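Q: Please find one structure pasted underneath; my questions will follow.
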Amino acid sequence: MESCCAVPEIRTAPSVHVCSACGQRGRKVERLTVEHLLRPGLVSRIGETQYYFCETATCPVVYFPYGAGAAVFQKPDLTVRVGLKETEDPVPICYCFGITRKEIWDEIDEIGASTITNRIKAEVQAGNCACEVKNPSGKCCLGDVTRAVKDSLQTLPATAVTH
Ligand SMILES: [Zn+2]
């Protein structure tokens, strides 16, 4: 008989695993992250295995398990919108401080630059972030913010004329 703490699959689970819905590889996500972001009532359905986060924009699956049999969780199962799977506002980018893609775009539209990255960095340094329980990917959002700022700086001058 195994001890209660032994979950062999978790120890042997690879750091990336293929999502059965879209066929793309997803990265490991902490159980803590999944527990915090699922709707109340769904937490008990989390399987005793390693879970992965599917980053494919068009895939409805958010968390999928290592191995068959355990529950798969899709977008409606979460209490937050998964920014990288949404195209319509609000598209959350930074979950800890509630910053959306539109806010980043609007600021760049207005002043031609973004102060958000520095604001987030300051908050992170002050120990105010909680990405592992707020961001569906469980990772720090700074990379996503930096990318959104960069994309926006590149595309805005061209799109600004249309509105
Ligand atoms: Zn997927």
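Labels used: A, B, ... for chains in the order of the structure tokens, numbers from 1 for residues in each chain, and numbers from 1 for ligands as shown.
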Please report as a tab-separated table every residue of chain A lying within 8 Å of ligand 1, along with the nearest atom pair and their distance in Å (one decimal), using only C-alpha atoms and all ligand atoms.
A:
residue	atom	partner	partner_atom_place_in_ligand_line	distance
A:Val18	CA	ligand 1	1 (Zn)	7.8
A:Cys19	CA	ligand 1	1 (Zn)	4.6
A:Ser20	CA	ligand 1	1 (Zn)	6.6
A:Ala21	CA	ligand 1	1 (Zn)	5.0
A:Cys22	CA	ligand 1	1 (Zn)	4.2
A:Gly23	CA	ligand 1	1 (Zn)	6.4
A:Gln24	CA	ligand 1	1 (Zn)	6.0
A:Arg25	CA	ligand 1	1 (Zn)	7.7
A:Gly26	CA	ligand 1	1 (Zn)	7.5
A:Cys54	CA	ligand 1	1 (Zn)	4.7
A:Glu55	CA	ligand 1	1 (Zn)	6.8
A:Thr56	CA	ligand 1	1 (Zn)	5.5
A:Thr58	CA	ligand 1	1 (Zn)	7.8
A:Cys59	CA	ligand 1	1 (Zn)	4.6
A:Pro60	CA	ligand 1	1 (Zn)	6.7
A:Val61	CA	ligand 1	1 (Zn)	5.1
A:Val62	CA	ligand 1	1 (Zn)	6.9
Q: Would you write out those residues with N, CA and C atoms, as an mmCIF file, in the first residue's frame?
A:
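As a result, out.cif now contains:
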data_model
loop_
_atom_site.group_PDB
_atom_site.id
_atom_site.type_symbol
_atom_site.label_atom_id
_atom_site.label_comp_id
_atom_site.auth_asym_id
_atom_site.auth_seq_id
_atom_site.Cartn_x
_atom_site.Cartn_y
_atom_site.Cartn_z
ATOM 1 N N VAL A 18 1.337 17.256 -23.915
ATOM 2 C CA VAL A 18 0.476 17.644 -25.041
ATOM 3 C C VAL A 18 -1.001 17.710 -24.636
ATOM 4 N N CYS A 19 -1.638 18.814 -24.997
ATOM 5 C CA CYS A 19 -3.075 19.003 -24.743
ATOM 6 C C CYS A 19 -3.832 18.116 -25.730
ATOM 7 N N SER A 20 -4.722 17.282 -25.213
ATOM 8 C CA SER A 20 -5.420 16.340 -26.098
ATOM 9 C C SER A 20 -6.427 17.058 -26.985
ATOM 10 N N ALA A 21 -6.821 18.282 -26.620
ATOM 11 C CA ALA A 21 -7.794 19.020 -27.437
ATOM 12 C C ALA A 21 -7.157 19.695 -28.645
ATOM 13 N N CYS A 22 -5.979 20.302 -28.477
ATOM 14 C CA CYS A 22 -5.381 21.055 -29.589
ATOM 15 C C CYS A 22 -4.070 20.459 -30.092
ATOM 16 N N GLY A 23 -3.512 19.520 -29.341
ATOM 17 C CA GLY A 23 -2.280 18.874 -29.780
ATOM 18 C C GLY A 23 -1.017 19.681 -29.534
ATOM 19 N N GLN A 24 -1.163 20.842 -28.868
ATOM 20 C CA GLN A 24 0.011 21.663 -28.569
ATOM 21 C C GLN A 24 0.504 21.351 -27.150
ATOM 22 N N ARG A 25 1.780 21.628 -26.937
ATOM 23 C CA ARG A 25 2.333 21.350 -25.625
ATOM 24 C C ARG A 25 2.033 22.462 -24.631
ATOM 25 N N GLY A 26 1.702 22.055 -23.424
ATOM 26 C CA GLY A 26 1.448 23.021 -22.361
ATOM 27 C C GLY A 26 2.451 22.830 -21.253
ATOM 28 N N CYS A 54 -2.772 25.013 -20.951
ATOM 29 C CA CYS A 54 -2.766 25.101 -22.406
ATOM 30 C C CYS A 54 -2.754 26.569 -22.821
ATOM 31 N N GLU A 55 -1.736 26.969 -23.588
ATOM 32 C CA GLU A 55 -1.583 28.381 -23.990
ATOM 33 C C GLU A 55 -2.148 28.672 -25.376
ATOM 34 N N THR A 56 -2.709 27.663 -26.028
ATOM 35 C CA THR A 56 -3.218 27.868 -27.382
ATOM 36 C C THR A 56 -4.426 28.810 -27.364
ATOM 37 N N THR A 58 -6.794 29.511 -29.400
ATOM 38 C CA THR A 58 -8.078 29.030 -29.913
ATOM 39 C C THR A 58 -8.599 27.781 -29.198
ATOM 40 N N CYS A 59 -7.840 27.261 -28.263
ATOM 41 C CA CYS A 59 -8.243 26.026 -27.577
ATOM 42 C C CYS A 59 -9.060 26.358 -26.325
ATOM 43 N N PRO A 60 -10.227 25.714 -26.154
ATOM 44 C CA PRO A 60 -11.068 26.008 -24.986
ATOM 45 C C PRO A 60 -10.524 25.429 -23.690
ATOM 46 N N VAL A 61 -9.565 24.504 -23.812
ATOM 47 C CA VAL A 61 -9.019 23.864 -22.618
ATOM 48 C C VAL A 61 -8.022 24.798 -21.922
ATOM 49 N N VAL A 62 -8.150 24.907 -20.609
ATOM 50 C CA VAL A 62 -7.194 25.709 -19.849
ATOM 51 C C VAL A 62 -6.227 24.789 -19.098
#
Q: Would you please give, as a ChimeraX atom specification, all residues of stretch 3-151 of chain A that DSSP assigns to alpha helix (DSSP H) based on the backbone?
A: /A:8-12,31-37,101-111,116-125,131-134,142-151
Q: Between atom CA of A:Cys129 and atom CA of A:Glu110, what is the distance, to one decimal in Å?
A: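 These two atoms are separated by 26.9 Å.
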Q: When you draw a straight line from atom CA of A:Ile116 to atom CA of A:Asn135, how long is it in Å?
A: 17.0 Å
Q: Rounded to one decimal, what separation in Å do you get between atom CA of A:Phe97 and atom CA of A:Phe64?
A: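 Spanning atom CA of A:Phe97 to atom CA of A:Phe64 is a straight-line distance of 26.6 Å.
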